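Below is the file target-v6.cif, which contains mmCIF, C-alpha atoms.
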data_final
#
loop_
_atom_site.group_PDB
_atom_site.id
_atom_site.type_symbol
_atom_site.label_atom_id
_atom_site.label_comp_id
_atom_site.auth_asym_id
_atom_site.auth_seq_id
_atom_site.Cartn_x
_atom_site.Cartn_y
_atom_site.Cartn_z
ATOM 1 C CA MET A 1 -14.938 20.499 -5.315
ATOM 2 C CA SER A 2 -15.017 24.129 -6.347
ATOM 3 C CA GLN A 3 -18.287 25.881 -7.060
ATOM 4 C CA PHE A 4 -16.603 27.627 -10.007
ATOM 5 C CA SER A 5 -15.531 26.071 -13.292
ATOM 6 C CA ILE A 6 -12.047 26.596 -14.669
ATOM 7 C CA GLU A 7 -13.567 28.637 -17.480
ATOM 8 C CA GLN A 8 -15.260 30.958 -14.958
ATOM 9 C CA ILE A 9 -12.027 31.415 -13.037
ATOM 10 C CA VAL A 10 -10.025 32.159 -16.190
ATOM 11 C CA SER A 11 -12.688 34.610 -17.333
ATOM 12 C CA ALA A 12 -12.546 36.410 -13.974
ATOM 13 C CA ILE A 13 -8.734 36.561 -14.128
ATOM 14 C CA ARG A 14 -8.885 38.148 -17.576
ATOM 15 C CA GLU A 15 -11.020 40.952 -16.125
ATOM 16 C CA LEU A 16 -8.490 41.857 -13.412
ATOM 17 C CA THR A 17 -6.629 45.145 -13.462
ATOM 18 C CA PRO A 18 -2.832 44.911 -13.727
ATOM 19 C CA ASP A 19 -2.510 45.592 -9.974
ATOM 20 C CA GLU A 20 -5.111 42.938 -9.109
ATOM 21 C CA TYR A 21 -3.396 40.484 -11.449
ATOM 22 C CA ALA A 22 -0.025 41.169 -9.796
ATOM 23 C CA SER A 23 -1.601 40.658 -6.370
ATOM 24 C CA LEU A 24 -3.158 37.360 -7.481
ATOM 25 C CA ARG A 25 0.161 36.221 -8.955
ATOM 26 C CA LYS A 26 1.977 37.017 -5.683
ATOM 27 C CA THR A 27 -0.655 35.156 -3.656
ATOM 28 C CA LEU A 28 -0.364 32.078 -5.885
ATOM 29 C CA ASP A 29 3.438 32.220 -5.770
ATOM 30 C CA ASP A 30 3.322 32.449 -1.964
ATOM 31 C CA LEU A 31 0.997 29.429 -1.789
ATOM 32 C CA ASP A 32 3.314 27.506 -4.111
ATOM 33 C CA ASP A 33 6.360 28.431 -2.008
ATOM 34 C CA ALA A 34 4.590 27.352 1.195
ATOM 35 C CA ALA A 35 3.633 23.988 -0.321
ATOM 36 C CA ARG A 36 7.206 23.462 -1.569
ATOM 37 C CA LYS A 37 8.618 24.259 1.881
ATOM 38 C CA GLU A 38 6.205 21.775 3.479
ATOM 39 C CA ARG A 39 7.281 19.041 1.037
ATOM 40 C CA GLU A 40 10.957 19.793 1.677
ATOM 41 C CA ALA A 41 10.458 19.713 5.458
ATOM 42 C CA ALA A 42 8.625 16.384 5.202
ATOM 43 C CA ALA A 43 11.434 14.956 3.040
ATOM 44 C CA ARG A 44 14.067 16.107 5.552
ATOM 45 C CA GLU A 45 12.118 14.482 8.392
ATOM 46 C CA ARG A 46 11.809 11.198 6.462
ATOM 47 C CA GLY A 47 15.561 11.301 5.838
ATOM 48 C CA ARG A 48 16.271 11.981 9.502
ATOM 49 C CA LEU A 49 14.041 9.112 10.614
ATOM 50 C CA ALA A 50 15.579 6.749 8.056
ATOM 51 C CA SER A 51 19.071 7.612 9.288
ATOM 52 C CA LEU A 52 18.051 6.522 12.801
ATOM 53 C CA ARG A 53 16.636 3.200 11.641
ATOM 54 C CA ASP A 54 18.197 -0.133 12.627
ATOM 55 C CA PHE A 55 19.149 -2.006 9.444
ATOM 56 C CA SER A 56 20.277 -5.256 11.090
ATOM 57 C CA ALA A 57 17.082 -7.135 10.106
ATOM 58 C CA ASP A 58 17.508 -6.003 6.484
ATOM 59 C CA ASN A 59 21.145 -7.146 6.526
ATOM 60 C CA GLN A 60 20.119 -10.533 7.935
ATOM 61 C CA TRP A 61 17.451 -10.889 5.233
ATOM 62 C CA LEU A 62 20.163 -10.347 2.614
ATOM 63 C CA VAL A 63 22.381 -12.992 4.196
ATOM 64 C CA ASP A 64 19.491 -15.474 4.289
ATOM 65 C CA ASN A 65 18.047 -14.764 0.818
ATOM 66 C CA ARG A 66 20.935 -13.547 -1.343
ATOM 67 C CA THR A 67 21.059 -16.653 -3.542
ATOM 68 C CA GLU A 68 17.319 -16.722 -4.266
ATOM 69 C CA TYR A 69 17.118 -13.011 -5.205
ATOM 70 C CA ALA A 70 20.538 -12.558 -6.853
ATOM 71 C CA GLY A 71 20.392 -10.118 -9.749
ATOM 72 C CA GLN A 72 17.090 -8.629 -8.623
ATOM 73 C CA TRP A 73 16.205 -5.343 -7.003
ATOM 74 C CA VAL A 74 14.523 -5.710 -3.625
ATOM 75 C CA ALA A 75 12.703 -3.357 -1.292
ATOM 76 C CA LEU A 76 13.087 -4.303 2.368
ATOM 77 C CA ARG A 77 11.672 -2.873 5.543
ATOM 78 C CA TYR A 78 12.761 -4.243 8.903
ATOM 79 C CA GLY A 79 13.741 -7.550 7.312
ATOM 80 C CA GLU A 80 10.470 -7.961 5.397
ATOM 81 C CA LEU A 81 10.410 -8.159 1.611
ATOM 82 C CA ILE A 82 8.110 -5.498 0.167
ATOM 83 C CA SER A 83 8.862 -6.040 -3.520
ATOM 84 C CA HIS A 84 11.379 -7.604 -5.888
ATOM 85 C CA SER A 85 12.004 -7.390 -9.620
ATOM 86 C CA PRO A 86 14.864 -7.181 -12.099
ATOM 87 C CA ASN A 87 13.479 -3.691 -12.837
ATOM 88 C CA ALA A 88 14.559 -1.066 -10.292
ATOM 89 C CA LYS A 89 11.797 1.369 -11.244
ATOM 90 C CA GLU A 90 9.134 -1.232 -10.431
ATOM 91 C CA VAL A 91 10.621 -1.875 -6.997
ATOM 92 C CA PHE A 92 10.965 1.826 -6.142
ATOM 93 C CA ALA A 93 7.356 2.399 -7.265
ATOM 94 C CA ALA A 94 6.077 -0.545 -5.221
ATOM 95 C CA ALA A 95 7.861 0.687 -2.087
ATOM 96 C CA ARG A 96 6.547 4.218 -2.592
ATOM 97 C CA ASN A 97 3.004 3.001 -3.329
ATOM 98 C CA SER A 98 3.088 0.843 -0.196
ATOM 99 C CA GLY A 99 3.702 3.983 1.841
ATOM 100 C CA TYR A 100 7.044 2.783 3.181
ATOM 101 C CA THR A 101 9.226 5.866 2.913
ATOM 102 C CA ASP A 102 11.931 4.172 4.988
ATOM 103 C CA ALA A 103 12.245 1.064 2.811
ATOM 104 C CA VAL A 104 15.711 0.018 1.698
ATOM 105 C CA VAL A 105 15.939 -0.579 -2.055
ATOM 106 C CA MET A 106 19.014 -2.313 -3.431
ATOM 107 C CA LEU A 107 20.333 -4.651 -6.077
ATOM 108 C CA VAL A 108 21.098 -8.079 -4.615
ATOM 109 C CA GLU A 109 24.473 -9.321 -5.760
ATOM 110 C CA ALA A 110 25.178 -13.009 -6.204
ATOM 111 C CA PRO A 111 27.082 -14.594 -3.340
ATOM 112 C CA PRO A 112 30.762 -15.232 -4.015
ATOM 113 C CA GLU A 113 31.603 -18.577 -5.545
ATOM 114 C CA PRO A 114 33.266 -21.079 -3.218
ATOM 115 C CA GLY A 115 36.985 -20.467 -3.058
ATOM 116 C CA HIS A 116 36.685 -16.803 -4.054
ATOM 117 C CA ALA A 117 37.210 -14.011 -1.594
ATOM 118 C CA VAL A 118 35.273 -10.756 -1.561
ATOM 119 C CA ILE A 119 37.134 -7.685 -0.395
ATOM 120 C CA ASN A 120 35.003 -4.683 0.428
ATOM 121 C CA LEU A 121 37.048 -1.519 0.000
ATOM 122 C CA GLY A 122 34.163 0.864 0.686
#

How does the structure come out when it is put into structure tokens?
Amino acid sequence: MSQFSIEQIVSAIRELTPDEYASLRKTLDDLDDAARKEREAAARERGRLASLRDFSADNQWLVDNRTEYAGQWVALRYGELISHSPNAKEVFAAARNSGYTDAVVMLVEAPPEPGHAVINLG
């Protein structure tokens, strides 16, 4: 916690000369840029790690549980269900709040009816 109140800081800023104000602005912009670069680097690393992940357990979970969770959004991590809901935002939030940045979030489609074929063109 800062020893200065916001009001004290704002008051001090108002007393700065134009050169001091410009210097403060540059310092704050530099700090903001550094924080943004750190967030971007962390996001790239999470993406890299997720791309290396083995999804076979998640795929098996879908095979085993597709009927029960059809029409719902699920968050999976290494074949373990983290969250499920018909609301995608709830599932994304639950995965994020659980700290699992490598969770797979997807809508579970109903299995094909008997006698119907599914052709995956993608």

| field | Asn59 (chain A) surroundings by all atoms listed in the file, 8 Å radius, close-in-sequence under 4 positions cut, as a VMD selection string | value | chain A and resid 55 63 79

Please provide the set of residues having any atom within 12 Å of Asp54 (chain A), restricted to all atoms listed in the file, with same-chain residues fewer than 2 positions apart removed, written as a short mmCIF file (atom, residue, chain, number, x, y, z; two decimals) with C-alpha atoms, keeping the file's coordinate frame.
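Saved result, selection.cif, follows:
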data_model
loop_
_atom_site.label_atom_id
_atom_site.label_comp_id
_atom_site.auth_asym_id
_atom_site.auth_seq_id
_atom_site.Cartn_x
_atom_site.Cartn_y
_atom_site.Cartn_z
CA LEU A 49 14.04 9.11 10.61
CA ALA A 50 15.58 6.75 8.06
CA SER A 51 19.07 7.61 9.29
CA LEU A 52 18.05 6.52 12.80
CA SER A 56 20.28 -5.26 11.09
CA ALA A 57 17.08 -7.14 10.11
CA ASP A 58 17.51 -6.00 6.48
CA ASN A 59 21.14 -7.15 6.53
CA GLN A 60 20.12 -10.53 7.94
CA ARG A 77 11.67 -2.87 5.54
CA TYR A 78 12.76 -4.24 8.90
CA GLY A 79 13.74 -7.55 7.31
CA ASP A 102 11.93 4.17 4.99
CA ALA A 103 12.24 1.06 2.81
CA VAL A 104 15.71 0.02 1.70
#

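With all atoms listed in the file as the atoms that count, the residue of A:Val108, A:Glu40, A:Trp73, A:Glu7 with the shortest distance to Val91 (chain A) is A:Trp73.
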
Could you write out as a PDB file with C-alpha atoms, in the coordinates of the input the residues that the PyMOL selection byres ((chain A and resi 85) around 6) matches in the shown file?
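Here's the written file out35.pdb:
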ATOM      1  CA  GLN A  72      17.090  -8.629  -8.623  1.00  0.00           C
ATOM      2  CA  TRP A  73      16.205  -5.343  -7.003  1.00  0.00           C
ATOM      3  CA  HIS A  84      11.379  -7.604  -5.888  1.00  0.00           C
ATOM      4  CA  PRO A  86      14.864  -7.181 -12.099  1.00  0.00           C
ATOM      5  CA  ASN A  87      13.479  -3.691 -12.837  1.00  0.00           C
TER       6      ASN A  87
END

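The protein and nucleic acid residues lying at most 6 Å from Ala75 (chain A) are Ile82, Ser83, Val104 and Val105 of chain A, with all atoms listed in the file considered and sequence neighbours fewer than 4 positions away removed.
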
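Interatomic distance, CA of Pro112 (chain A) to CA of Leu81 (chain A): 22.3 Å.
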
| said: Residues within 8 Å of Thr101 (chain A), please, as a ChimeraX atom specification. Count only C-alpha atoms; anything in the same chain fewer than 5 positions from it doesn't count. | reply: /A:46,95-96

What would the file look like if the residues just selected were written as a PDB file, keeping the file's coordinate frame with C-alpha atoms?
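Done, and the output landed in out.pdb:
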ATOM      1  CA  ARG A  46      11.809  11.198   6.462  1.00  0.00           C
ATOM      2  CA  ALA A  95       7.861   0.687  -2.087  1.00  0.00           C
ATOM      3  CA  ARG A  96       6.547   4.218  -2.592  1.00  0.00           C
TER       4      ARG A  96
END

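The closest residue to Ala110 (chain A), picked from A:Glu45, A:Glu20, A:Glu68, A:Asp29 and counting only C-alpha atoms, is A:Glu68.
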